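Structure file work34.txt (compact mmCIF, C-alpha atoms and all ligand atoms) follows.
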```txt
# COMPACT_ATOMS: atom_id res chain seq x y z
CA MET A 1 0.00 0.00 0.00
CA LEU A 2 2.85 2.39 0.82
CA LYS A 3 5.12 1.19 -1.98
CA GLY A 4 6.56 4.09 -3.98
CA LYS A 5 4.86 6.69 -1.78
CA ASP A 6 6.37 9.62 0.09
CA MET A 7 6.32 9.80 3.88
CA LEU A 8 5.98 13.50 4.56
CA SER A 9 3.31 13.68 7.24
CA ILE A 10 1.28 11.24 9.36
CA HIS A 11 -1.78 13.15 8.15
CA ASP A 12 -1.22 11.70 4.64
CA LEU A 13 -1.22 8.11 5.97
CA THR A 14 -4.31 6.00 6.56
CA ALA A 15 -4.87 4.38 9.95
CA ASP A 16 -4.01 1.07 8.22
CA ASP A 17 -0.72 2.51 6.94
CA VAL A 18 0.21 3.50 10.50
CA GLU A 19 -0.69 0.01 11.73
CA GLU A 20 1.37 -1.57 8.92
CA ILE A 21 4.44 0.56 9.75
CA LEU A 22 4.21 -0.18 13.48
CA SER A 23 3.73 -3.91 13.06
CA LEU A 24 6.58 -4.23 10.55
CA ALA A 25 8.78 -2.14 12.88
CA ALA A 26 8.09 -4.56 15.75
CA LYS A 27 8.84 -7.52 13.45
CA LEU A 28 12.11 -6.03 12.18
CA LYS A 29 13.12 -5.20 15.75
CA ALA A 30 12.62 -8.85 16.76
CA LEU A 31 14.57 -10.10 13.72
CA GLN A 32 17.44 -7.74 14.41
CA LYS A 33 17.55 -8.70 18.11
CA SER A 34 17.74 -12.38 17.22
CA GLY A 35 20.37 -11.85 14.53
CA VAL A 36 18.15 -12.96 11.63
CA PRO A 37 19.06 -11.18 8.36
CA HIS A 38 16.26 -9.09 6.85
CA ARG A 39 17.81 -7.64 3.73
CA LEU A 40 14.64 -6.14 2.29
CA LEU A 41 16.48 -3.33 0.46
CA GLU A 42 19.38 -5.28 -1.05
CA GLY A 43 21.27 -3.09 -3.52
CA LYS A 44 19.18 0.04 -2.86
CA THR A 45 20.60 3.45 -1.95
CA LEU A 46 19.11 6.16 0.25
CA GLY A 47 20.32 9.76 -0.01
CA MET A 48 20.16 11.67 3.27
CA ILE A 49 20.03 15.46 2.87
CA PHE A 50 20.75 17.35 6.07
CA GLU A 51 20.22 21.11 6.22
CA LYS A 52 20.03 20.90 10.05
CA SER A 53 22.05 18.96 12.65
CA SER A 54 21.23 15.45 13.77
CA THR A 55 22.54 12.59 15.88
CA ARG A 56 19.68 10.06 15.97
CA THR A 57 18.19 10.64 12.53
CA ARG A 58 21.50 10.47 10.73
CA VAL A 59 22.83 7.39 12.49
CA SER A 60 19.54 5.44 12.58
CA PHE A 61 18.74 5.96 8.90
CA GLU A 62 22.28 5.09 7.83
CA VAL A 63 22.57 1.99 10.02
CA GLY A 64 19.01 1.03 9.07
CA MET A 65 19.90 0.99 5.38
CA TYR A 66 22.97 -1.19 6.04
CA GLN A 67 20.90 -3.65 8.08
CA LEU A 68 18.37 -3.83 5.22
CA GLY A 69 21.16 -4.72 2.78
CA GLY A 70 21.37 -1.31 1.11
CA SER A 71 23.55 1.72 1.54
CA ALA A 72 23.10 5.35 2.55
CA LEU A 73 24.78 8.56 1.43
CA PHE A 74 25.16 11.48 3.85
CA LEU A 75 24.55 14.63 1.82
CA SER A 76 25.27 17.70 3.89
CA ASN A 77 24.05 21.08 2.79
CA ARG A 78 27.64 22.28 3.03
CA ASP A 79 28.71 19.88 0.28
CA LEU A 80 25.69 19.81 -2.02
CA GLN A 81 25.22 22.46 -4.71
CA LEU A 82 21.82 22.89 -3.02
CA GLY A 83 23.70 24.83 -0.33
CA ARG A 84 25.04 27.18 -3.03
CA GLY A 85 21.64 27.87 -4.50
CA GLU A 86 20.93 25.03 -6.95
CA PRO A 87 17.12 24.80 -7.06
CA ILE A 88 15.40 22.02 -5.12
CA LYS A 89 13.45 21.05 -8.22
CA ASP A 90 16.69 20.39 -10.14
CA THR A 91 18.27 18.57 -7.20
CA ALA A 92 15.15 16.38 -7.00
CA ARG A 93 15.29 15.41 -10.67
CA VAL A 94 19.04 14.71 -10.61
CA LEU A 95 19.00 12.63 -7.43
CA SER A 96 16.02 10.64 -8.73
CA ARG A 97 18.33 9.31 -11.49
CA TYR A 98 20.84 7.88 -8.96
CA LEU A 99 18.98 6.97 -5.78
CA ASP A 100 16.06 4.79 -4.67
CA GLY A 101 14.84 7.16 -1.95
CA ILE A 102 15.69 10.42 -0.17
CA MET A 103 15.41 11.35 3.48
CA ILE A 104 15.56 15.09 4.05
CA ARG A 105 15.87 17.20 7.21
CA THR A 106 15.37 20.88 6.58
CA PHE A 107 13.75 24.13 7.74
CA GLY A 108 10.62 25.09 5.78
CA HIS A 109 8.16 22.28 5.15
CA ASP A 110 7.63 23.75 1.66
CA ARG A 111 11.17 22.58 0.77
CA VAL A 112 10.18 18.97 1.41
CA LEU A 113 6.94 19.39 -0.52
CA GLU A 114 8.84 20.80 -3.49
CA LEU A 115 11.40 17.98 -3.36
CA ALA A 116 8.56 15.45 -3.34
CA GLU A 117 6.77 17.17 -6.19
CA TYR A 118 9.79 16.99 -8.51
CA ALA A 119 11.37 13.69 -7.41
CA ASP A 120 10.10 10.41 -8.79
CA ILE A 121 11.49 8.36 -5.90
CA PRO A 122 10.02 8.20 -2.36
CA ILE A 123 10.82 11.17 -0.09
CA ILE A 124 10.92 10.71 3.68
CA ASN A 125 10.57 13.71 6.00
CA GLY A 126 13.38 13.55 8.58
CA LEU A 127 12.10 16.75 10.30
CA THR A 128 10.98 20.18 9.17
CA ASP A 129 10.00 23.25 11.18
CA LEU A 130 6.42 21.98 10.90
CA LEU A 131 6.57 18.20 11.39
CA HIS A 132 8.67 15.28 12.65
CA PRO A 133 6.66 12.23 11.53
CA CYS A 134 9.38 9.55 11.86
CA GLN A 135 9.84 10.50 15.52
CA VAL A 136 6.15 10.36 16.33
CA LEU A 137 5.64 6.99 14.58
CA THR A 138 8.60 5.82 16.69
CA ASP A 139 6.94 7.17 19.81
CA LEU A 140 3.76 5.22 18.98
CA LEU A 141 5.82 2.00 18.78
CA THR A 142 7.42 2.88 22.13
CA ILE A 143 3.99 3.55 23.67
CA ILE A 144 2.79 0.12 22.48
CA GLU A 145 5.84 -1.49 24.14
CA HIS A 146 5.33 0.29 27.45
CA LYS A 147 1.56 0.79 27.65
CA GLY A 148 -0.02 -1.70 25.23
CA LYS A 149 -1.76 -1.09 21.95
CA ASN A 150 -5.19 0.00 23.14
CA PHE A 151 -4.53 3.61 22.24
CA ASN A 152 -8.16 4.55 22.82
CA THR A 153 -7.75 3.81 26.54
CA LEU A 154 -4.65 5.97 26.91
CA LYS A 155 -4.24 9.66 27.66
CA MET A 156 -1.10 11.43 26.52
CA ALA A 157 -0.09 14.93 27.57
CA TYR A 158 2.38 17.13 25.73
CA VAL A 159 3.81 20.00 27.76
CA GLY A 160 6.01 22.80 26.40
CA ASP A 161 6.48 24.52 23.05
CA GLY A 162 3.91 23.98 20.30
CA ASN A 163 6.48 22.86 17.74
CA ASN A 164 7.10 20.22 15.04
CA MET A 165 6.82 17.42 17.62
CA THR A 166 3.52 18.77 18.96
CA ASN A 167 2.10 19.04 15.45
CA SER A 168 3.10 15.48 14.64
CA TYR A 169 1.75 14.18 17.97
CA LEU A 170 -1.60 15.70 17.01
CA TYR A 171 -1.56 13.86 13.69
CA GLY A 172 -0.34 10.64 15.32
CA ALA A 173 -2.89 10.66 18.16
CA ALA A 174 -5.68 11.44 15.69
CA LYS A 175 -4.80 8.42 13.51
CA VAL A 176 -4.59 5.91 16.36
CA GLY A 177 -7.53 7.26 18.38
CA MET A 178 -5.56 8.39 21.45
CA HIS A 179 -6.53 11.19 23.82
CA LEU A 180 -3.92 13.98 23.55
CA SER A 181 -3.93 17.03 25.74
CA VAL A 182 -1.47 19.75 24.73
CA ALA A 183 -0.34 22.45 27.16
CA THR A 184 1.56 25.43 25.75
CA PRO A 185 1.58 29.18 26.41
CA GLU A 186 -1.12 31.03 24.44
CA ASN A 187 1.40 32.43 21.93
CA TYR A 188 3.15 29.10 21.35
CA LYS A 189 0.23 26.90 20.34
CA PRO A 190 0.61 24.14 17.76
CA ASP A 191 0.02 25.06 14.12
CA ARG A 192 -3.64 26.01 13.56
CA THR A 193 -4.03 24.21 10.22
CA VAL A 194 -2.45 21.06 11.65
CA PHE A 195 -4.79 21.19 14.65
CA ASN A 196 -7.84 21.54 12.39
CA ASN A 197 -6.69 18.72 10.08
CA ALA A 198 -6.04 16.52 13.11
CA LEU A 199 -9.52 17.25 14.50
CA GLU A 200 -10.96 16.11 11.15
CA ASP A 201 -8.89 12.87 11.29
CA ALA A 202 -9.99 12.39 14.91
CA LYS A 203 -13.62 12.15 13.82
CA GLU A 204 -12.75 8.81 12.18
CA THR A 205 -11.04 7.31 15.23
CA GLY A 206 -12.72 9.00 18.20
CA ALA A 207 -9.44 10.59 19.35
CA VAL A 208 -9.87 13.46 21.81
CA LEU A 209 -7.49 16.33 21.01
CA GLU A 210 -7.40 19.37 23.23
CA TRP A 211 -5.29 22.42 24.00
CA THR A 212 -4.93 24.17 27.32
CA GLU A 213 -2.63 26.80 28.74
CA ASP A 214 -2.52 24.88 32.02
CA PRO A 215 0.10 22.09 32.23
CA ILE A 216 -1.57 20.62 35.34
CA LYS A 217 -4.86 20.23 33.49
CA ALA A 218 -3.09 18.56 30.56
CA VAL A 219 -1.27 15.98 32.68
CA GLU A 220 -4.31 15.19 34.89
CA CYS A 221 -4.48 11.35 34.95
CA ALA A 222 -2.20 11.10 31.89
CA ASP A 223 -0.54 7.75 31.12
CA ILE A 224 2.16 9.31 28.96
CA ILE A 225 3.77 12.72 29.23
CA ALA A 226 5.98 14.09 26.47
CA THR A 227 8.03 17.22 26.19
CA ASP A 228 10.65 18.67 23.86
CA THR A 229 13.19 21.47 23.79
CA TRP A 230 11.85 24.99 24.33
CA ALA A 231 14.06 26.31 21.49
CA SER A 232 14.06 24.17 18.37
CA MET A 233 16.78 24.23 15.72
CA GLY A 234 16.71 27.65 14.09
CA GLN A 235 15.43 29.37 17.28
CA GLU A 236 18.78 29.49 19.10
CA ALA A 237 18.70 33.32 19.34
CA GLU A 238 15.41 33.11 21.29
CA HIS A 239 16.76 30.58 23.79
CA ASP A 240 17.12 32.92 26.80
CA ALA A 241 13.77 34.62 26.24
CA ARG A 242 12.06 31.24 25.82
CA LYS A 243 13.54 29.95 29.10
CA LYS A 244 11.51 32.62 30.91
CA ILE A 245 8.33 32.18 28.82
CA PHE A 246 8.22 28.39 29.32
CA ALA A 247 9.38 28.26 32.97
CA ALA A 248 5.95 27.05 34.16
CA TYR A 249 5.98 24.24 31.60
CA GLN A 250 8.84 22.20 33.02
CA VAL A 251 8.19 18.47 33.41
CA ASN A 252 9.22 17.92 37.02
CA ARG A 253 8.24 15.83 40.03
CA GLU A 254 5.61 18.34 41.15
CA LEU A 255 3.85 18.29 37.76
CA LEU A 256 3.94 14.48 37.63
CA ARG A 257 1.98 14.30 40.92
CA HIS A 258 -1.08 15.12 38.80
CA ALA A 259 -0.52 12.30 36.28
CA ASP A 260 -1.34 8.61 36.62
CA LYS A 261 0.98 6.97 39.19
CA LYS A 262 2.37 4.68 36.49
CA ALA A 263 2.81 7.44 33.91
CA ILE A 264 5.84 7.31 31.65
CA VAL A 265 7.72 10.37 30.39
CA MET A 266 8.98 10.53 26.81
CA HIS A 267 11.45 12.86 25.15
CA CYS A 268 12.56 12.75 21.51
CA LEU A 269 16.01 14.11 22.49
CA PRO A 270 18.21 16.08 22.61
CA ALA A 271 17.05 17.04 26.14
CA TYR A 272 17.98 20.17 28.06
CA ARG A 273 17.94 19.21 31.72
CA GLY A 274 16.87 21.98 34.05
CA GLU A 275 14.80 23.50 31.24
CA GLU A 276 11.94 21.43 29.76
CA ILE A 277 12.68 18.45 32.05
CA THR A 278 14.48 17.96 35.36
CA GLU A 279 17.47 15.66 35.69
CA GLU A 280 15.48 13.61 38.23
CA VAL A 281 12.48 13.00 35.96
CA PHE A 282 14.70 12.36 32.94
CA GLU A 283 16.79 9.72 34.72
CA ALA A 284 13.74 8.06 36.29
CA ASN A 285 12.39 7.58 32.75
CA ALA A 286 15.68 6.89 30.98
CA HIS A 287 14.59 3.30 30.21
CA VAL A 288 11.66 4.65 28.17
CA ILE A 289 13.53 7.56 26.61
CA PHE A 290 16.37 5.41 25.30
CA ASP A 291 13.95 2.74 24.04
CA GLU A 292 12.36 5.64 22.17
CA ALA A 293 15.74 6.61 20.71
CA GLU A 294 16.46 2.99 19.72
CA ASN A 295 13.07 2.62 18.11
CA ARG A 296 13.95 5.29 15.54
CA LEU A 297 16.06 2.58 13.91
CA HIS A 298 13.31 -0.06 13.78
CA THR A 299 10.50 2.30 12.77
CA GLN A 300 12.48 3.95 9.99
CA LYS A 301 13.61 0.56 8.68
CA ALA A 302 9.92 -0.33 8.40
CA ILE A 303 9.13 2.95 6.63
CA MET A 304 12.03 2.52 4.19
CA ALA A 305 11.21 -1.13 3.51
CA LEU A 306 7.58 -0.24 2.78
CA VAL A 307 8.14 2.81 0.57
CA MET A 308 11.39 1.73 -1.13
CA GLY A 309 10.92 -2.06 -1.21
CA ASN A 310 10.01 -4.16 -4.24
N1 LIG A 401 15.08 13.17 17.92
C1 LIG A 401 15.84 13.49 16.84
O1 LIG A 401 15.33 13.67 15.71
O2 LIG A 401 17.16 13.56 17.09
P1 LIG A 401 18.30 14.14 16.14
O3 LIG A 401 18.04 15.62 16.00
O4 LIG A 401 19.58 13.83 16.83
O5 LIG A 401 18.20 13.46 14.80
N1 LIG A 402 11.73 20.36 18.12
C1 LIG A 402 13.10 19.92 17.97
C2 LIG A 402 13.16 18.46 17.69
C3 LIG A 402 14.56 17.91 17.59
C4 LIG A 402 14.60 16.47 17.24
C5 LIG A 402 13.77 20.73 16.88
O1 LIG A 402 13.15 20.93 15.83
O2 LIG A 402 14.92 21.14 17.06
```
So that I can check it, write out the structure of this file as structure tokens.
Amino acid sequence: MLKGKDMLSIHDLTADDVEEILSLAAKLKALQKSGVPHRLLEGKTLGMIFEKSSTRTRVSFEVGMYQLGGSALFLSNRDLQLGRGEPIKDTARVLSRYLDGIMIRTFGHDRVLELAEYADIPIINGLTDLLHPCQVLTDLLTIIEHKGKNFNTLKMAYVGDGNNMTNSYLYGAAKVGMHLSVATPENYKPDRTVFNNALEDAKETGAVLEWTEDPIKAVECADIIATDTWASMGQEAEHDARKKIFAAYQVNRELLRHADKKAIVMHCLPAYRGEEITEEVFEANAHVIFDEAENRLHTQKAIMALVMGN
């Protein structure tokens, strides 16, 4: 079903697509853990365009391709002619002649849309200012592992900046029918169009999606709490100002008193201890957070196998 398609946003996927990605990810994880080869992309090559930094995305996509029997090329903006002004639409048509798929991490979401429009190979969104779909699909796999797959019985709270992670959590929760309560300051809400699209998707699955300015209200009885940096890549100059604006949105022991006793805390990383999360809460949930980091590998292998496979 996903063969040959792009993976730009969870909103573009059907609920069945999400289910297919998550179940293949779990299968590939089990195969990899037991040392069984699963070379589903033998002889295929992924290009990885990075216009922003990355630790997890870069390493997990590259290792994922090797484990699937293919190879990956790291294409930094500093080296590509793209960085010197070659149009995206030309880059897309050239790279389509050499590669079997492209993963791109960049700033404006429009850059990914343009790449996808002109490329005739699958494009995978490795993060834009608007969305981070691979991370949120990964988080859904991690939630299944820690809380089971009855998403419609779970409440998730997101506390902090209404950023690319928040937007993708809205799309993800809507597709799987999970209750998601988002707490951000009034001026840092998630993207309005994304929220409206997600509410439309939620009608199909019964997901409850809500926004509040009050972090305590959001985490009330939550099973899962997620947060992310207060200053995303590209917002470094606002870091000090944001530290003050978001001070009441820290995930700390006091806030967690309002959540379910068995609540887990997730973080896509990199984490800034003492800002969006305390050292104490981070370390108490390190087993979940590093499963989440590991699951990037398995989830993205599933995505690549489905969109780039034969
Ligand atoms: N979570 C995540 O995408 O990490 P990187 O920025 O290191 O890729
Ligand atoms: N919101 C963060 C996510 C990093 C993986 C950023 O865009 O920098």
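Nearest to Tyr66 of chain A of all the residues A:Lys261, A:Arg78, A:Thr45, A:His267 is A:Thr45, counting all atoms listed in the file.
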(request) Would you list the contacts of Trp230 of chain A as a PyMOL selection string, taking every protein, DNA or RNA residue within 9 Å and counting all atoms listed in the file, but skipping same-chain residues closer than 5 positions in sequence? (result) chain A and resi 160-163+239+242-243+246+272+275-276
(message) So, with only C-alpha atoms as the atoms that count, which of A:Gln235, A:Asn164, A:Ile245, A:Val63 lies closest to Glu186 of chain A?
(response)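 Under the stated criterion, the closest residue is A:Ile245.
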(message) Measuring between all atoms listed in the file, which one of A:Glu117, A:Asp260, A:Asp129, A:Glu292 shows the shortest distance to ligand LIG 402 (chain A)?
(response) A:Asp129
Can I get the residues of chain A within 10 Å of ligand LIG 402 (chain A), each with the closest pair of atoms and their distance in Å to one decimal, using all atoms listed in the file, sorted chain first then ascending number, as a Markdown table?
```
| residue | atom | partner | partner_atom | distance |
| --- | --- | --- | --- | --- |
| A:Lys52 | CA | A:LIG402 | O2 | 8.7 |
| A:Ser53 | CA | A:LIG402 | O2 | 8.7 |
| A:Ser54 | CA | A:LIG402 | C4 | 7.6 |
| A:Thr55 | CA | A:LIG402 | C4 | 8.9 |
| A:Arg56 | CA | A:LIG402 | C4 | 8.3 |
| A:Thr57 | CA | A:LIG402 | C4 | 8.3 |
| A:Arg105 | CA | A:LIG402 | O1 | 9.8 |
| A:Thr106 | CA | A:LIG402 | O1 | 9.5 |
| A:Phe107 | CA | A:LIG402 | O1 | 8.7 |
| A:Gly126 | CA | A:LIG402 | C4 | 9.2 |
| A:Leu127 | CA | A:LIG402 | O1 | 7.0 |
| A:Thr128 | CA | A:LIG402 | O1 | 7.0 |
| A:Asp129 | CA | A:LIG402 | O1 | 6.1 |
| A:Leu130 | CA | A:LIG402 | O1 | 8.4 |
| A:Leu131 | CA | A:LIG402 | O1 | 8.4 |
| A:His132 | CA | A:LIG402 | C2 | 7.5 |
| A:Gln135 | CA | A:LIG402 | C4 | 7.8 |
| A:Asp161 | CA | A:LIG402 | N1 | 8.3 |
| A:Gly162 | CA | A:LIG402 | N1 | 8.9 |
| A:Asn163 | CA | A:LIG402 | N1 | 5.8 |
| A:Asn164 | CA | A:LIG402 | N1 | 5.6 |
| A:Met165 | CA | A:LIG402 | N1 | 5.7 |
| A:Thr166 | CA | A:LIG402 | N1 | 8.4 |
| A:Thr227 | CA | A:LIG402 | N1 | 9.4 |
| A:Asp228 | CA | A:LIG402 | N1 | 6.1 |
| A:Thr229 | CA | A:LIG402 | N1 | 6.0 |
| A:Trp230 | CA | A:LIG402 | N1 | 7.7 |
| A:Ala231 | CA | A:LIG402 | O2 | 6.9 |
| A:Ser232 | CA | A:LIG402 | O2 | 3.4 |
| A:Met233 | CA | A:LIG402 | O2 | 3.8 |
| A:Gly234 | CA | A:LIG402 | O2 | 7.4 |
| A:Gln235 | CA | A:LIG402 | O2 | 8.2 |
| A:Glu236 | CA | A:LIG402 | O2 | 9.4 |
| A:His267 | CA | A:LIG402 | C4 | 9.2 |
| A:Cys268 | CA | A:LIG402 | C4 | 6.0 |
| A:Leu269 | CA | A:LIG402 | C4 | 5.9 |
| A:Pro270 | CA | A:LIG402 | C3 | 6.5 |
| A:Ala271 | CA | A:LIG402 | C3 | 8.9 |
```
(request) Could you check how far atom CA of Lys3 of chain A sits from atom CA of Asn310 of chain A, in Å to one decimal? (result) 7.6 Å
(message) List as a ChimeraX atom specification the protein and nucleic acid residues near Lys149 of chain A, meaning an atom at most 12 Å away when all atoms listed in the file are counted, but skip any in the same chain fewer than 4 places from it.
(response) /A:19,22-23,140-145,153-154,176-178
(request) Please measure the separation of atom CA of Gly172 of chain A and atom CA of Met48 of chain A, giving the value in Å to one decimal. (result) 23.8 Å
(message) Using all atoms listed in the file, can you tell me which of A:Val159, A:Ile104, A:Cys221, A:Leu68 comes closest to ligand LIG 401 (chain A)?
(response) A:Ile104
(message) Show me, as an MDAnalysis selection string, the residues that have an atom within 12 Å of Ala26 of chain A when counting only C-alpha atoms, minus same-chain residues fewer than 4 positions from it.
(response) chainID A and resid 19:22 30:33 137:138 140:142 144:145 294:303
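Here atom CA of Asn77 of chain A stands at a distance of 29.0 Å from atom CA of Ala241 of chain A.
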(message) I'd like to know which of A:Ala248, A:Met1, A:Ala222, A:Leu99 is closest to Gly43 of chain A, using all atoms listed in the file.
(response) A:Leu99
(request) Measuring atom to atom with only C-alpha atoms, identify which of A:Ser9, A:Arg192, A:Gly83, A:Val182 is nearest to His109 of chain A. (result) A:Ser9
(request) Do a neighbour search on Ala263 of chain A at 10 Å with all atoms listed in the file, toss out local chain neighbours closer than 6 positions, and write the hits as an NGL selection string. (result) :A and (146-147 or 155-156 or 219 or 221-225 or 256-257 or 285)
(message) Quick one: residues within 10 Å of Thr278 of chain A, all atoms listed in the file, excluding same-chain residues fewer than 6 positions away - as number ranges by chain?
(response) A: 250-253, 271-272, 284
